[in-house]
$ cat query15.cif   # mmCIF, C-alpha atoms
data_final
loop_
_atom_site.label_atom_id
_atom_site.label_comp_id
_atom_site.auth_asym_id
_atom_site.auth_seq_id
_atom_site.Cartn_x
_atom_site.Cartn_y
_atom_site.Cartn_z
CA MET A 745 -8.59 -7.00 117.97
CA ILE A 746 -8.40 -10.03 115.70
CA VAL A 747 -9.15 -13.74 115.81
CA ASP A 748 -6.25 -16.02 114.95
CA ALA A 749 -7.88 -19.10 113.45
CA HIS A 750 -4.76 -21.24 113.40
CA HIS A 751 -1.84 -21.57 115.76
CA HIS A 752 0.01 -24.31 117.59
CA LEU A 753 1.61 -25.00 120.96
CA TRP A 754 3.95 -27.78 122.00
CA ASP A 755 5.99 -28.76 125.01
CA LEU A 756 9.05 -30.82 124.11
CA SER A 757 9.36 -31.94 127.72
CA ALA A 758 5.98 -33.67 127.36
CA ARG A 759 6.59 -35.28 123.94
CA ASP A 760 8.82 -34.85 120.94
CA GLN A 761 7.65 -33.29 117.70
CA ASP A 762 9.41 -35.48 115.19
CA TRP A 763 8.50 -33.22 112.27
CA ILE A 764 10.86 -30.50 113.54
CA THR A 765 13.98 -32.62 114.00
CA ASP A 766 15.65 -31.75 110.68
CA PRO A 767 18.25 -28.93 110.78
CA PRO A 768 16.19 -26.45 108.69
CA MET A 769 13.53 -26.53 111.42
CA GLY A 770 15.99 -25.52 114.11
CA ALA A 771 14.41 -22.10 114.65
CA ILE A 772 11.29 -23.72 116.10
CA ARG A 773 12.86 -26.71 117.85
CA ARG A 774 11.92 -25.61 121.35
CA SER A 775 8.80 -25.51 123.45
CA PHE A 776 6.10 -22.95 122.68
CA LEU A 777 3.51 -22.56 125.44
CA GLU A 778 0.35 -20.50 125.83
CA PRO A 779 2.08 -17.52 127.50
CA ASP A 780 4.54 -17.39 124.59
CA PHE A 781 1.66 -17.12 122.14
CA VAL A 782 -0.07 -14.41 124.16
CA ALA A 783 3.17 -12.41 124.24
CA ALA A 784 3.75 -12.84 120.49
CA ALA A 785 0.19 -11.88 119.51
CA PRO A 786 -1.02 -9.00 121.73
CA GLU A 787 -3.67 -7.93 119.18
CA VAL A 788 -5.39 -11.31 119.22
CA ALA A 789 -8.68 -11.38 121.12
CA ALA A 790 -9.38 -15.07 120.54
CA SER A 791 -7.62 -17.97 118.88
CA VAL A 792 -8.00 -21.52 117.60
CA LEU A 793 -5.39 -23.96 118.90
CA VAL A 794 -4.71 -26.71 116.35
CA GLN A 795 -3.27 -30.19 116.82
CA THR A 796 0.33 -30.93 115.86
CA VAL A 797 0.77 -34.71 116.22
CA CYS A 798 -1.50 -37.70 115.65
CA VAL A 799 -1.65 -39.02 119.20
CA PRO A 800 -4.79 -39.13 121.36
CA GLU A 801 -3.11 -37.64 124.44
CA GLU A 802 -2.57 -34.20 122.87
CA THR A 803 -6.23 -33.25 122.44
CA PRO A 804 -7.23 -33.43 126.15
CA GLU A 805 -4.10 -31.43 126.98
CA PHE A 806 -5.14 -28.73 124.51
CA LEU A 807 -8.68 -28.70 125.89
CA ALA A 808 -7.24 -28.04 129.34
CA VAL A 809 -5.15 -25.18 127.92
CA ALA A 810 -8.27 -23.62 126.39
CA ALA A 811 -10.20 -23.98 129.63
CA SER A 812 -7.55 -22.00 131.51
CA SER A 813 -6.70 -19.43 128.82
CA ASP A 814 -8.13 -15.96 128.28
CA VAL A 815 -7.23 -16.12 124.58
CA VAL A 816 -7.55 -19.69 123.30
CA GLY A 817 -11.24 -20.00 122.48
CA ALA A 818 -11.39 -23.26 120.53
CA VAL A 819 -9.41 -26.42 119.91
CA VAL A 820 -9.00 -28.49 116.77
CA GLY A 821 -7.90 -31.89 117.99
CA TRP A 822 -7.17 -35.34 116.61
CA THR A 823 -8.76 -38.75 116.74
CA ASP A 824 -8.33 -41.82 114.56
CA LEU A 825 -10.91 -41.39 111.82
CA THR A 826 -10.34 -44.93 110.59
CA SER A 827 -11.18 -46.57 113.91
CA PRO A 828 -14.47 -48.47 114.17
CA ALA A 829 -14.84 -46.76 117.56
CA VAL A 830 -14.43 -43.22 116.20
CA GLY A 831 -17.92 -42.23 117.31
CA ASP A 832 -17.25 -43.33 120.87
CA ALA A 833 -13.89 -41.54 120.90
CA LEU A 834 -15.49 -38.28 119.75
CA ALA A 835 -18.31 -38.64 122.27
CA GLU A 836 -15.76 -39.09 125.04
CA LEU A 837 -13.84 -35.98 123.96
CA VAL A 838 -16.95 -33.81 123.60
CA GLY A 839 -18.36 -35.10 126.89
CA SER A 840 -15.15 -34.60 128.88
CA PRO A 841 -14.95 -31.81 131.50
CA ASP A 842 -13.24 -29.46 129.04
CA GLY A 843 -14.91 -30.89 125.95
CA SER A 844 -16.94 -27.77 125.19
CA TRP A 845 -13.76 -26.21 123.79
CA LEU A 846 -13.45 -28.85 121.06
CA ARG A 847 -14.65 -27.39 117.76
CA GLY A 848 -12.87 -29.49 115.14
CA ILE A 849 -10.75 -32.48 114.17
CA ARG A 850 -7.69 -32.65 111.94
CA HIS A 851 -5.39 -35.33 110.57
CA GLN A 852 -2.07 -34.90 108.73
CA VAL A 853 -3.49 -36.00 105.39
CA GLN A 854 -0.51 -34.29 103.73
CA SER A 855 1.67 -37.14 105.06
CA GLU A 856 -0.55 -39.94 103.78
CA PRO A 857 1.07 -41.69 100.78
CA ASP A 858 -2.32 -42.51 99.25
CA PRO A 859 -3.64 -39.43 97.39
CA GLU A 860 -7.13 -40.94 97.69
CA TRP A 861 -6.97 -41.35 101.48
CA LEU A 862 -9.90 -38.98 102.02
CA CYS A 863 -12.08 -41.14 99.76
CA ARG A 864 -11.61 -44.32 101.80
CA GLY A 865 -14.79 -45.74 103.26
CA ASP A 866 -13.48 -45.85 106.82
CA VAL A 867 -12.23 -42.26 106.60
CA ARG A 868 -15.56 -40.99 105.30
CA ASN A 869 -17.34 -42.88 108.06
CA GLY A 870 -15.13 -41.06 110.55
CA LEU A 871 -15.88 -37.73 108.89
CA ARG A 872 -19.61 -38.37 109.19
CA HIS A 873 -19.14 -38.85 112.92
CA VAL A 874 -17.17 -35.58 113.10
CA GLY A 875 -20.09 -33.73 111.52
CA ALA A 876 -22.64 -35.55 113.67
CA HIS A 877 -20.88 -34.25 116.79
CA GLY A 878 -21.16 -30.66 115.56
CA LEU A 879 -17.47 -30.38 114.72
CA VAL A 880 -15.64 -29.09 111.65
CA TYR A 881 -13.02 -31.13 109.83
CA GLU A 882 -9.81 -29.41 108.79
CA LEU A 883 -8.24 -30.40 105.49
CA LEU A 884 -4.45 -30.40 105.84
CA THR A 885 -3.73 -31.32 102.24
CA LEU A 886 -1.24 -30.76 99.46
CA PRO A 887 -2.43 -29.67 96.01
CA HIS A 888 -2.29 -33.17 94.52
CA GLN A 889 -4.73 -34.33 97.22
CA LEU A 890 -7.36 -31.72 96.35
CA PRO A 891 -9.28 -33.89 93.85
CA ALA A 892 -9.96 -36.42 96.60
CA ALA A 893 -10.84 -33.61 98.99
CA ARG A 894 -13.34 -32.21 96.48
CA ARG A 895 -15.05 -35.56 95.99
CA THR A 896 -15.25 -36.13 99.73
CA VAL A 897 -16.64 -32.66 100.41
CA ALA A 898 -19.27 -33.25 97.71
CA ALA A 899 -20.16 -36.63 99.20
CA LEU A 900 -20.58 -35.18 102.72
CA PRO A 901 -22.50 -31.90 102.26
CA THR A 902 -23.61 -31.71 105.90
CA VAL A 903 -20.05 -31.84 107.26
CA PRO A 904 -18.32 -28.43 107.54
CA PHE A 905 -14.78 -28.46 106.14
CA VAL A 906 -11.93 -25.96 106.54
CA VAL A 907 -8.94 -25.83 104.18
CA ASP A 908 -5.71 -25.23 106.09
CA HIS A 909 -2.99 -23.06 104.57
CA CYS A 910 -4.81 -22.76 101.22
CA SER A 911 -3.70 -26.38 100.65
CA LYS A 912 -0.05 -25.33 100.55
CA PRO A 913 0.52 -23.98 97.04
CA VAL A 914 4.10 -23.44 95.90
CA ILE A 915 4.54 -19.68 96.24
CA GLY A 916 6.45 -18.25 93.32
CA SER A 917 5.07 -20.79 90.86
CA ASP A 918 2.22 -20.37 88.38
CA PRO A 919 -0.95 -20.85 90.47
CA GLY A 920 -2.90 -22.17 87.49
CA GLU A 921 -3.39 -25.87 88.29
CA TRP A 922 -3.73 -25.30 92.05
CA ALA A 923 -6.12 -22.40 91.38
CA GLY A 924 -8.45 -24.60 89.36
CA LEU A 925 -8.53 -27.21 92.10
CA ILE A 926 -9.17 -24.61 94.80
CA ARG A 927 -12.02 -23.06 92.85
CA SER A 928 -13.56 -26.49 92.34
CA LEU A 929 -13.39 -27.14 96.08
CA ALA A 930 -14.74 -23.69 96.95
CA ALA A 931 -17.80 -24.32 94.80
CA HIS A 932 -19.12 -26.36 97.74
CA GLU A 933 -20.69 -24.10 100.34
CA ASN A 934 -19.70 -26.37 103.24
CA VAL A 935 -16.02 -25.37 102.82
CA THR A 936 -14.15 -22.39 104.25
CA CYS A 937 -10.45 -21.58 103.94
CA LYS A 938 -7.68 -20.25 106.14
CA LEU A 939 -5.43 -17.45 104.91
CA SER A 940 -2.44 -19.01 106.62
CA GLY A 941 0.81 -20.82 105.99
CA LEU A 942 1.74 -18.96 102.82
CA VAL A 943 5.06 -17.51 103.96
CA THR A 944 6.46 -20.95 104.74
CA GLU A 945 5.53 -22.12 101.23
CA ALA A 946 7.54 -19.20 99.82
CA ASP A 947 11.27 -18.55 99.99
CA TRP A 948 11.83 -18.21 103.74
CA ARG A 949 14.47 -15.50 103.38
CA SER A 950 13.32 -13.41 100.46
CA TRP A 951 9.50 -13.63 100.19
CA THR A 952 7.52 -10.47 99.51
CA VAL A 953 3.86 -9.58 99.69
CA ALA A 954 3.90 -9.44 95.89
CA ASP A 955 4.93 -13.12 95.86
CA LEU A 956 1.90 -14.02 97.99
CA ARG A 957 -0.66 -11.86 96.20
CA PRO A 958 -1.51 -14.12 93.19
CA HIS A 959 -2.41 -17.00 95.50
CA PHE A 960 -4.28 -14.73 97.90
CA GLU A 961 -6.35 -13.35 95.03
CA VAL A 962 -7.31 -16.88 94.00
CA VAL A 963 -8.66 -17.84 97.44
CA LEU A 964 -10.34 -14.45 97.86
CA ASP A 965 -12.12 -14.84 94.53
CA ALA A 966 -12.96 -18.49 95.20
CA PHE A 967 -14.23 -18.25 98.77
CA GLY A 968 -14.99 -14.57 99.29
CA PRO A 969 -14.31 -12.79 102.60
CA GLU A 970 -17.22 -14.54 104.33
CA ARG A 971 -15.52 -17.92 103.90
CA LEU A 972 -11.91 -16.80 104.40
CA MET A 973 -10.17 -16.35 107.75
CA PHE A 974 -6.78 -15.22 108.99
CA GLY A 975 -4.48 -17.69 110.72
CA SER A 976 -0.90 -17.14 111.81
CA ASP A 977 0.36 -20.74 111.81
CA TRP A 978 2.55 -19.54 114.71
CA PRO A 979 5.13 -20.71 115.67
CA VAL A 980 5.70 -22.52 112.34
CA CYS A 981 5.58 -19.12 110.61
CA LEU A 982 8.75 -18.17 112.50
CA LEU A 983 10.72 -20.16 109.92
CA ALA A 984 9.98 -17.34 107.48
CA ALA A 985 8.48 -14.41 109.41
CA THR A 986 7.73 -13.05 112.84
CA TYR A 987 4.12 -12.92 113.93
CA ASP A 988 4.00 -9.18 113.22
CA GLU A 989 5.58 -9.61 109.79
CA TRP A 990 2.98 -12.13 108.66
CA LEU A 991 0.13 -10.15 110.21
CA GLY A 992 1.40 -7.04 108.42
CA ALA A 993 1.60 -8.93 105.13
CA ALA A 994 -1.97 -10.20 105.56
CA ARG A 995 -3.18 -6.68 106.30
CA GLU A 996 -1.46 -5.42 103.17
CA LEU A 997 -3.06 -8.18 101.10
CA VAL A 998 -6.57 -7.22 102.23
CA SER A 999 -5.98 -3.45 102.32
CA GLU A 1000 -8.13 -2.72 99.27
CA LEU A 1001 -11.15 -4.56 100.67
CA SER A 1002 -13.96 -2.79 102.53
CA ALA A 1003 -13.88 -2.52 106.31
CA GLY A 1004 -16.62 -5.14 106.55
CA GLU A 1005 -14.74 -7.57 104.30
CA GLN A 1006 -11.55 -7.12 106.30
CA ASP A 1007 -13.48 -7.70 109.52
CA ALA A 1008 -14.82 -10.97 108.11
CA ILE A 1009 -11.33 -12.23 107.30
CA PHE A 1010 -9.77 -11.10 110.56
CA SER A 1011 -12.63 -11.99 112.88
CA GLY A 1012 -16.12 -12.70 111.64
CA THR A 1013 -15.58 -15.88 109.63
CA ALA A 1014 -13.59 -17.59 112.38
CA ARG A 1015 -16.08 -16.55 115.06
CA ARG A 1016 -18.89 -18.10 113.04
CA VAL A 1017 -17.09 -21.30 112.00
CA TYR A 1018 -15.71 -22.05 115.47
CA SER A 1019 -18.64 -20.65 117.49
CA LEU A 1020 -16.39 -18.25 119.35
#
$ encode --input "query15.cif" --output "structure tokens"
Amino acid sequence: MIVDAHHHLWDLSARDQDWITDPPMGAIRRSFLEPDFVAAAPEVAASVLVQTVCVPEETPEFLAVAASSDVVGAVVGWTDLTSPAVGDALAELVGSPDGSWLRGIRHQVQSEPDPEWLCRGDVRNGLRHVGAHGLVYELLTLPHQLPAARRTVAALPTVPFVVDHCSKPVIGSDPGEWAGLIRSLAAHENVTCKLSGLVTEADWRSWTVADLRPHFEVVLDAFGPERLMFGSDWPVCLLAATYDEWLGAARELVSELSAGEQDAIFSGTARRVYSL
């Protein structure tokens, strides 16, 4: 049984997901609820449910899902890091009836036009509050935002950070520049990384495990198995692969590692990082 460190749920009858309105996203333009995830991932013993939109209402909803689920064991939610009241907002979430399921915070930094957004004073103040509440902060970044991420991680050594989707490298391209940035970020021990999201950065119709391997080998070398964890990015992965196809690809990527190293990637790291 494995731990899936990154998946999503959404209910279009509750609110729209405006990031899936374009025609290429049609395959996932429907609701995906907790029973759908359980059915798609029968080998998963525990999972981390991750925010999808930057609205405060979603996080309490996800906490309620975790409280009633036999599989969802942690939630990564959202709050406005730039708000002067960020500490109060986090305290309210953590202290809510289902607040014990909150283990992290994320913001769609990838959509911020300022590549230095993570270096802003108000953002770093918010990140300090995230760490002070015993939560991790998930870095949803693109490669050009990694220099700012590295400086922020260095400036906040007591805050645990998690890199989502290996910071979305372009699969099929030379990993050289991205690889250097990833290694620089991984030099900081307060950072872990999710082996997730790679198939949707590749050609959706023709990707192969061989296409993914150069980027996998970079994050494996940079972070090591003890700071690397499997995530499905379901249902977003369905744009390029079924759950089983991506899980099979991940297993093939790690197949030459020892049993203990594979266990770290598929379970141990996520259990430690998210206190599962």
$ resolve_selection --input "query15.cif" --expression "the PyMOL selection byres ((chain A and resi 811-817) around 8)" --output "ChimeraX atom specification"
/A:778,782,788-793,807-810,818-819,842,845,1020
$ resolve_selection --input "query15.cif" --expression "the PyMOL selection byres ((chain A and resi 985-990) around 8)" --output "tab-separated table (two decimals) with C-alpha atoms, keeping the file's coordinate frame"
chain	number	residue	atom	x	y	z
A	784	ALA	CA	3.75	-12.84	120.49
A	785	ALA	CA	0.19	-11.88	119.51
A	943	VAL	CA	5.06	-17.51	103.96
A	948	TRP	CA	11.83	-18.21	103.74
A	976	SER	CA	-0.90	-17.14	111.81
A	978	TRP	CA	2.55	-19.54	114.71
A	981	CYS	CA	5.58	-19.12	110.61
A	982	LEU	CA	8.75	-18.17	112.50
A	983	LEU	CA	10.72	-20.16	109.92
A	984	ALA	CA	9.98	-17.34	107.48
A	991	LEU	CA	0.13	-10.15	110.21
A	992	GLY	CA	1.40	-7.04	108.42
A	993	ALA	CA	1.60	-8.93	105.13
A	994	ALA	CA	-1.97	-10.20	105.56
$ resolve_selection --input "query15.cif" --expression "the PyMOL selection byres ((chain A and resi 974) around 10)" --output "MDAnalysis selection string"
chainID A and resid 746:750 909 937:941 972:973 975:977 991 994:995 1006 1008:1011 1013:1014
$ atom_distance --input "query15.cif" --atom1 "atom CA of Thr796 of chain A" --atom2 "atom CA of Ser757 of chain A"
14.9 Å
$ residues_near_point --input "query15.cif" --point "(-5.7, -38.7, 115.1)" --cutoff "8 Å" --atoms "only C-alpha atoms" --output "VMD selection string"
chain A and resid 797 to 800 821 to 825 850 to 851
$ closest_residue --input "query15.cif" --among "A:Ala931, A:Leu753, A:Ala829, A:Val820" --to "Tyr1018 of chain A" --atoms "only C-alpha atoms"
A:Val820
$ residues_around --input "query15.cif" --residues "Leu886 of chain A" --least-positions-apart "2" --cutoff "8 Å" --atoms "all atoms listed in the file" --output "list in words"
Gln854, Leu884, His888, Gln889, Leu890, Ser911, Lys912 and Pro913 of chain A
$ closest_residue --input "query15.cif" --among "A:Thr896, A:Asn869, A:Gln761, A:Ser775" --to "Pro979 of chain A" --atoms "only C-alpha atoms"
A:Ser775
$ residues_near_point --input "query15.cif" --point "(-15.3, -35.7, 114.4)" --cutoff "10 Å" --atoms "only C-alpha atoms" --output "MDAnalysis selection string"
chainID A and resid 820:825 830:831 833:835 837:838 846:850 869:881 903
$ atom_distance --input "query15.cif" --atom1 "atom CA of Thr803 of chain A" --atom2 "atom CA of Pro828 of chain A"
19.2 Å
$ atom_distance --input "query15.cif" --atom1 "atom CA of Ser928 of chain A" --atom2 "atom CA of Ala966 of chain A"
8.5 Å
$ closest_residue --input "query15.cif" --among "A:Val980, A:Val935, A:Thr826, A:Val897" --to "Ile764 of chain A" --atoms "all atoms listed in the file"
A:Val980
$ closest_residue --input "query15.cif" --among "A:Arg949, A:Arg774, A:Arg864, A:Arg971" --to "Pro904 of chain A" --atoms "all atoms listed in the file"
A:Arg971
